[in-house]
Structures are given as structure tokens and as C-alpha cells.
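Enquirer: Contents of coords_11.cif (mmCIF, C-alpha atoms) are given next:
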```
data_upload
loop_
_atom_site.label_atom_id
_atom_site.label_comp_id
_atom_site.auth_asym_id
_atom_site.auth_seq_id
_atom_site.Cartn_x
_atom_site.Cartn_y
_atom_site.Cartn_z
CA MET N 43 -19.93 -27.34 -10.11
CA SER N 44 -22.98 -25.10 -10.14
CA LEU N 45 -22.06 -21.46 -10.61
CA LEU N 46 -23.66 -18.67 -8.63
CA TYR N 47 -26.53 -16.94 -10.44
CA ILE N 48 -26.30 -19.25 -13.47
CA GLU N 49 -30.10 -19.38 -13.43
CA LYS N 50 -30.11 -15.74 -14.54
CA ILE N 51 -28.60 -16.75 -17.87
CA PRO N 52 -31.10 -17.95 -20.55
CA ALA N 53 -31.54 -21.72 -20.17
CA SER N 54 -30.34 -22.45 -23.71
CA GLN N 55 -27.01 -20.71 -22.99
CA GLN N 56 -26.35 -21.77 -19.40
CA GLU N 57 -24.10 -24.76 -20.14
CA ALA N 58 -21.90 -22.92 -22.63
CA PHE N 59 -21.78 -19.83 -20.42
CA ALA N 60 -20.79 -21.85 -17.34
CA LYS N 61 -18.04 -23.69 -19.23
CA LYS N 62 -16.61 -20.44 -20.57
CA VAL N 63 -16.65 -18.74 -17.17
CA ALA N 64 -14.90 -21.77 -15.64
CA SER N 65 -12.29 -21.69 -18.42
CA ILE N 66 -11.63 -17.97 -17.95
CA ALA N 67 -11.39 -18.35 -14.18
CA SER N 68 -8.92 -21.22 -14.57
CA PHE N 69 -6.82 -19.12 -16.93
CA LEU N 70 -6.81 -16.19 -14.49
CA GLY N 71 -6.22 -18.39 -11.45
CA ILE N 72 -9.34 -17.29 -9.58
CA HIS N 73 -12.57 -18.90 -8.39
CA PRO N 74 -15.29 -18.84 -11.08
CA ASP N 75 -17.87 -17.65 -8.57
CA TRP N 76 -15.76 -14.52 -8.07
CA LEU N 77 -16.27 -13.72 -11.74
CA MET N 78 -19.99 -14.47 -11.50
CA GLN N 79 -20.35 -12.26 -8.43
CA VAL N 80 -18.57 -9.28 -9.94
CA MET N 81 -20.60 -9.52 -13.16
CA HIS N 82 -23.78 -9.87 -11.14
CA ALA N 83 -22.84 -6.84 -9.05
CA GLU N 84 -22.16 -4.79 -12.18
CA SER N 85 -24.98 -5.84 -14.50
CA LYS N 86 -27.14 -8.53 -12.86
CA LEU N 87 -25.66 -10.71 -15.64
CA LYS N 88 -27.57 -8.85 -18.32
CA GLY N 89 -25.65 -8.31 -21.54
CA ASP N 90 -27.79 -5.32 -22.45
CA ALA N 91 -27.34 -3.56 -19.12
CA ALA N 92 -26.73 0.14 -19.82
CA ASN N 93 -25.72 2.94 -17.47
CA LYS N 94 -26.95 6.25 -18.87
CA GLN N 95 -26.32 9.56 -17.15
CA GLY N 96 -27.11 13.23 -17.55
CA LYS N 97 -30.01 15.02 -19.15
CA ASP N 98 -29.04 13.62 -22.53
CA LYS N 99 -28.90 10.06 -21.14
CA HIS N 100 -25.32 9.62 -22.27
CA LEU N 101 -24.21 5.99 -22.23
CA VAL N 102 -21.23 5.68 -19.87
CA ALA N 103 -21.09 1.93 -19.22
CA ALA N 104 -22.45 -1.18 -20.92
CA GLY N 105 -22.60 -4.94 -20.83
CA LEU N 106 -21.83 -7.73 -18.38
CA LEU N 107 -18.92 -5.91 -16.78
CA GLN N 108 -20.23 -2.39 -17.41
CA PHE N 109 -17.33 -1.47 -19.65
CA THR N 110 -16.53 2.22 -20.03
CA GLU N 111 -14.38 4.12 -22.50
CA GLY N 112 -11.84 4.46 -19.70
CA SER N 113 -11.40 0.68 -19.65
CA GLY N 114 -9.38 0.98 -22.86
CA ILE N 115 -11.65 -1.42 -24.69
CA ILE N 116 -12.17 0.89 -27.67
CA LYS N 117 -8.54 1.97 -27.85
CA ALA N 118 -7.53 -1.69 -27.90
CA GLY N 119 -9.78 -2.24 -30.91
CA LYS N 120 -12.02 -4.75 -29.16
CA VAL N 121 -15.21 -2.86 -29.98
CA PRO N 122 -15.95 0.21 -32.13
CA SER N 123 -17.97 1.87 -29.36
CA ILE N 124 -19.37 1.27 -25.90
CA LYS N 125 -22.85 1.14 -27.40
CA SER N 126 -21.86 -1.76 -29.65
CA ILE N 127 -21.30 -3.95 -26.58
CA LEU N 128 -25.03 -3.96 -25.92
CA THR N 129 -25.64 -6.01 -29.08
CA LEU N 130 -22.92 -8.60 -28.46
CA PRO N 131 -23.97 -12.13 -27.44
CA LEU N 132 -23.18 -13.11 -23.86
CA LEU N 133 -20.38 -15.50 -24.86
CA ALA N 134 -18.74 -12.78 -26.94
CA GLN N 135 -18.93 -10.43 -23.97
CA LEU N 136 -17.14 -13.05 -21.88
CA ASP N 137 -14.22 -12.74 -24.31
CA LEU N 138 -14.09 -9.05 -23.40
CA VAL N 139 -14.22 -9.93 -19.70
CA LYS N 140 -11.23 -12.24 -20.15
CA TRP N 141 -9.33 -9.54 -22.05
CA TYR N 142 -10.02 -6.98 -19.32
CA PHE N 143 -8.83 -9.18 -16.44
CA THR N 144 -5.83 -10.73 -18.22
CA PRO N 145 -3.31 -7.98 -17.21
CA TYR N 146 -4.06 -8.86 -13.57
CA LYS N 147 -3.58 -12.61 -13.99
CA GLY N 148 -1.78 -13.99 -10.94
CA LYS N 149 -2.38 -10.81 -8.93
CA MET N 150 -5.93 -11.51 -7.75
CA GLN N 151 -5.84 -13.45 -4.50
CA SER N 152 -9.38 -12.74 -3.27
CA TYR N 153 -12.76 -11.47 -4.37
CA TYR N 154 -11.70 -8.06 -3.11
CA ASP N 155 -8.94 -8.08 -5.72
CA VAL N 156 -11.34 -9.13 -8.48
CA TYR N 157 -13.73 -6.31 -7.63
CA ALA N 158 -10.81 -3.90 -7.25
CA VAL N 159 -9.84 -4.56 -10.88
CA THR N 160 -13.21 -3.17 -11.96
CA PHE N 161 -13.09 -0.24 -9.56
CA PHE N 162 -9.52 0.86 -8.75
CA PRO N 163 -6.83 -1.67 -9.75
CA ALA N 164 -4.01 0.27 -8.07
CA MET N 165 -5.26 -0.83 -4.65
CA ILE N 166 -4.45 -4.51 -5.27
CA GLY N 167 -1.79 -5.63 -2.83
CA LYS N 168 -2.04 -2.47 -0.75
CA GLY N 169 -2.64 -2.41 3.02
CA ASP N 170 -6.01 -1.56 4.54
CA ASP N 171 -4.94 2.00 5.40
CA TRP N 172 -3.86 2.82 1.83
CA VAL N 173 -5.82 5.81 0.43
CA LEU N 174 -7.28 5.69 -3.07
CA GLN N 175 -5.73 8.46 -5.18
CA THR N 176 -3.65 9.02 -8.31
CA ARG N 177 -1.39 11.73 -9.69
CA THR N 178 -4.36 13.22 -11.52
CA LEU N 179 -7.19 12.38 -9.08
CA SER N 180 -7.00 13.56 -5.49
CA ALA N 181 -8.29 11.48 -2.60
CA ASP N 182 -10.99 14.09 -2.00
CA THR N 183 -12.19 13.97 -5.61
CA ILE N 184 -12.45 10.18 -5.57
CA ALA N 185 -14.30 10.34 -2.25
CA ARG N 186 -16.83 12.86 -3.59
CA GLN N 187 -17.39 10.78 -6.72
CA ASN N 188 -18.06 7.65 -4.65
CA PRO N 189 -20.22 8.67 -1.67
CA ALA N 190 -21.36 5.08 -1.06
CA LEU N 191 -17.78 4.22 -0.13
CA SER N 192 -16.59 7.45 1.48
CA LYS N 193 -19.64 7.94 3.74
CA GLY N 194 -18.97 11.68 3.85
CA ASN N 195 -15.24 11.36 4.52
CA LYS N 196 -12.65 13.09 2.37
CA GLN N 197 -10.85 9.91 1.44
CA ILE N 198 -11.48 6.23 0.77
CA THR N 199 -9.15 3.58 2.15
CA VAL N 200 -8.79 -0.06 1.16
CA ALA N 201 -10.60 -0.94 4.41
CA ASP N 202 -13.53 1.30 3.35
CA PHE N 203 -13.59 -0.51 0.02
CA LYS N 204 -13.64 -3.91 1.73
CA ARG N 205 -16.54 -2.90 3.96
CA TYR N 206 -18.47 -1.74 0.91
CA VAL N 207 -17.75 -4.96 -1.00
CA VAL N 208 -18.95 -7.13 1.90
CA GLY N 209 -22.10 -5.05 2.16
CA ILE N 210 -23.17 -5.51 -1.47
CA VAL N 211 -22.61 -9.26 -1.56
CA PRO N 212 -25.90 -11.01 -0.64
CA THR N 213 -25.72 -12.78 2.71
CA TYR N 214 -26.75 -16.13 1.24
CA VAL N 215 -23.71 -16.30 -1.06
CA ARG N 216 -21.04 -14.90 1.28
CA ASN N 217 -19.73 -18.35 2.21
CA LYS N 218 -18.89 -19.00 -1.42
CA ILE N 219 -17.35 -15.59 -1.96
CA PHE N 220 -15.49 -15.00 1.30
CA GLY N 221 -15.30 -18.45 2.91
CA VAL N 222 -14.99 -18.64 6.70
CA PHE N 223 -14.78 -14.85 6.92
CA SER N 224 -18.44 -14.55 5.93
CA ASP N 225 -19.55 -16.44 9.02
CA ALA N 226 -18.00 -13.77 11.23
CA VAL N 227 -19.65 -10.99 9.24
CA ASP N 228 -23.06 -12.67 9.44
CA LYS N 229 -22.70 -13.24 13.19
CA VAL N 230 -21.90 -9.58 13.80
CA GLU N 231 -24.92 -8.53 11.74
CA GLU N 232 -27.23 -10.98 13.54
CA GLU N 233 -26.07 -9.84 16.98
CA ALA N 234 -26.53 -6.21 15.98
CA GLU N 235 -30.12 -6.96 14.95
CA HIS N 236 -30.81 -8.66 18.30
CA VAL N 237 -29.46 -5.65 20.19
CA LYS N 238 -31.50 -3.29 18.03
CA GLU N 239 -34.68 -5.24 18.78
CA ALA N 240 -33.91 -5.19 22.51
CA ILE N 241 -33.44 -1.42 22.48
CA VAL N 242 -36.73 -0.92 20.65
CA SER N 243 -38.57 -3.21 23.09
CA HIS N 244 -37.00 -1.71 26.25
CA PRO N 245 -35.71 1.75 25.33
CA LYS N 246 -35.17 3.03 28.90
CA THR N 247 -33.46 0.00 30.41
CA SER N 248 -31.37 -1.09 27.45
CA ALA N 249 -30.33 2.15 25.78
CA GLY N 250 -27.00 2.50 27.59
CA ILE N 251 -26.14 -1.18 27.44
CA GLY N 252 -27.30 -1.46 23.84
CA THR N 253 -25.15 1.44 22.74
CA GLY N 254 -22.09 -0.14 24.34
CA ILE N 255 -22.78 -3.50 22.73
CA LEU N 256 -23.34 -1.93 19.33
CA VAL N 257 -20.03 -0.12 19.58
CA GLY N 258 -18.37 -3.40 20.52
CA LEU N 259 -19.97 -5.19 17.59
CA CYS N 260 -18.86 -2.48 15.22
CA LEU N 261 -15.31 -2.84 16.49
CA LEU N 262 -15.58 -6.62 16.12
CA GLY N 263 -16.76 -6.22 12.54
CA TRP N 264 -13.88 -3.83 11.87
CA PHE N 265 -11.46 -6.41 13.29
CA PHE N 266 -12.68 -9.13 10.94
CA ILE N 267 -12.50 -6.82 7.95
CA ARG N 268 -8.97 -5.84 8.89
CA MET N 269 -8.02 -9.50 9.15
CA ALA N 270 -9.56 -10.45 5.79
#
```
Could I get this structure in the form of C-alpha cells?

Expert:
Amino acid sequence: MSLLYIEKIPASQQEAFAKKVASIASFLGIHPDWLMQVMHAESKLKGDAANKQGKDKHLVAAGLLQFTEGSGIIKAGKVPSIKSILTLPLLAQLDLVKWYFTPYKGKMQSYYDVYAVTFFPAMIGKGDDWVLQTRTLSADTIARQNPALSKGNKQITVADFKRYVVGIVPTYVRNKIFGVFSDAVDKVEEEAEHVKEAIVSHPKTSAGIGTGILVGLCLLGWFFIRMA
């Protein structure tokens, strides 16, 4: 089986990397492409990927899975510092990926769950209307810290998270990641583009109809996301 994005790994390491990803996925009980997609989303599969923030360019996340201090990786004694991850070989970083996902073995039933483990594990198994929050982090705080998901709202639901996840997965790999569901998503997007073009070409005659169709398509997209 050819893994998604394997071409982004140096040619000399591709075979060993693919075998290790497949082994980890088998151990976790998930599809190996789910692992590849989440690592690609986080780091573009670059072991030296570094997220630096602030005026002092403080390193907050590093490596294939963009590990942070909050991931518990230092406390567990896996690495001496986040910075040290940047010098680890790719195969060694995959050991860290396996360690991170192991507590959720058997709980990840979809790519949404896999991505949730890297973002907000508490949402796994929750309904679409469940709001992301903890005893120490309010829904509003989480929403403000993640504007790409909240879209200006004061809370983020599981449904909001699912919409975001679908949006960042490239169209050409959605079949592998979401299965049949991706076809519905692509159809909604294609129809929306056709309506948009019609409105641009005939603004006076199609504005009212186009608006109604767009609303309908949005509702259709929402339906499919709710059913995922």
C-alpha cells in the first residue's frame, strides 16, 4: 500500500518510514493514512518543523507532530526539551508519535478522532453539539485562541471542529481520509462554485435565486457533516 505524502520523505528513508507508520497504525487500530494526514497537517512531514512565536521567537512546538511542552513529552522523560526534537531522525520521531497516541488506542474511530487527539482529546466520543471547554479553560477563551475554528463565535463545538478538519484536508485525498463522505463534500463545493459563477455572470437575474441555492447548499453541507 502506498501511503499518502510518502514522497515528501527522503527517498532513502521512505521504505523504513512507511513500514513504521503501518506498524504504528496497526498497533493503534487506525488507518495509516490518518497518521500521515495528521503529521502532514501539523508539519508537512518535516522533522525539523518549528513553530516559534513572540518577539523572542520562543519555540512552542516542534517535529513531525508539533509536540509542545503541554503534550507531557518532557515530563515523561522522552526528550530533554522541545528543541531537542528538531535534531531527532524521522524514525525516532515516529516512536514519539506512537507514544503520544497510545493512551487513545481503541478510541479513535475516524480521522476526526485522530486529529482531535492532537487538538482537544476530550472531544472524542462527544456529540456534534458538545462545546470545547475544561475546568480551567472557558469556552470563550478556547474560541478566542482558535479563531480559525470559532469564526468569531464565543464557543467551538465538535461540529465546528469537523468543518475545520474537512476544510484543511486537500480535496484530492479526501476519499482516502473520509471515504464516501468526501464525495458529498466535494459535490457541495462544486455546486457552490457553479452558483457563484452564475451570479457573477448574471448578477441581476440570478442574485435572488443564487442566494437561495447557496443557503440550501450550506444546509446540505451541514447535514453531511452532522451525519459523519

Enquirer: Considering all atoms listed in the file, can you say which of N:Met150, N:Ile72, N:Ala185, N:Ala104 comes closest to N:Met165?

Expert: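 Nearest to N:Met165: N:Met150.
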
Enquirer: Between N:Gln175, N:Gln108, N:Thr199, N:Ser54, which one has atoms that come closest to N:Asp90, using all atoms listed in the file?

Expert: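 Closest to N:Asp90, using all atoms listed in the file: N:Gln108.
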
Enquirer: Between atom CA of N:Lys168 and atom CA of N:Val200, measure the distance and give it in Å to one decimal.

Expert: 7.4 Å

Enquirer: Please expand the PyMOL selection byres ((chain N and resi 160-164) around 10) into the concrete residues it hits in this file, giving the result as a PyMOL selection string.

Expert: chain N and resi 80-81+84+107-109+113+142-143+146+155-159+165-168+174-176+200+203

Enquirer: For the file shown, what are the residues hit by the PyMOL selection byres ((chain N and resi 92) around 12), laid out as a list in words?

Expert: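 Matching residues under the PyMOL selection byres ((chain N and resi 92) around 12) are Glu84, Ser85, Lys86, Leu87, Lys88, Gly89, Asp90, Ala91, Asn93, Lys94, Gln95, Lys99, His100, Leu101, Val102, Ala103, Ala104, Gly105, Leu106, Leu107, Gln108, Phe109, Thr110, Ile124, Lys125, Ser126, Ile127, Leu128 and Thr129 of chain N.
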
Enquirer: Separation of atom CA of N:Ser44 and atom CA of N:Tyr154, in Å?

Expert: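 Calculated distance between atom CA of N:Ser44 and atom CA of N:Tyr154 is 21.6 Å.
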
Enquirer: Between atom CA of N:Ile198 and atom CA of N:Ile184, what distance in Å does the model show, to one decimal?

Expert: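 Taking atom CA of N:Ile198 as the start and atom CA of N:Ile184 as the end point, the length is 7.5 Å.
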
Enquirer: Using all atoms listed in the file, which residue out of N:Leu138, N:Ala58, N:Ile66, N:Leu45 lies closest to N:Met78?

Expert: N:Leu45

Enquirer: Would you please work out which residue, of N:Gln187, N:Thr144, N:Ser152, N:Asn217, is nearest to N:Lys204 when using only C-alpha atoms?

Expert: N:Ser152

Enquirer: May I ask which of the residues N:Ser192, N:Gln55, N:Ser180, N:Gln151 is the closest one to N:Ile219, counting only C-alpha atoms?

Expert: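 Using only C-alpha atoms, N:Ile219 sits closest to N:Gln151.
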
Enquirer: Determine, counting all atoms listed in the file, which protein, DNA and RNA residues have an atom within 7 Å of an atom of N:Gln197; residues of the same chain fewer than 6 positions away are not included. Present the result as JSON, numbers by chain.

Expert: {"N": [173, 181, 182, 185]}

Enquirer: Residue by residue, what does the PyMOL selection byres ((chain N and resi 140) around 10) grab here? Present the result as a VMD selection string.

Expert: chain N and resid 62 to 63 65 to 67 69 to 70 77 135 to 139 141 to 145 147

Enquirer: Let me make sure I understand: among N:Ala201, N:Val215, N:Ile48, N:Ile210, which one has the smallest atom-to-atom distance to N:Ala64 if we use all atoms listed in the file?

Expert: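 Between N:Ala201, N:Val215, N:Ile48, N:Ile210, the residue approaching N:Ala64 most closely is N:Ile48.
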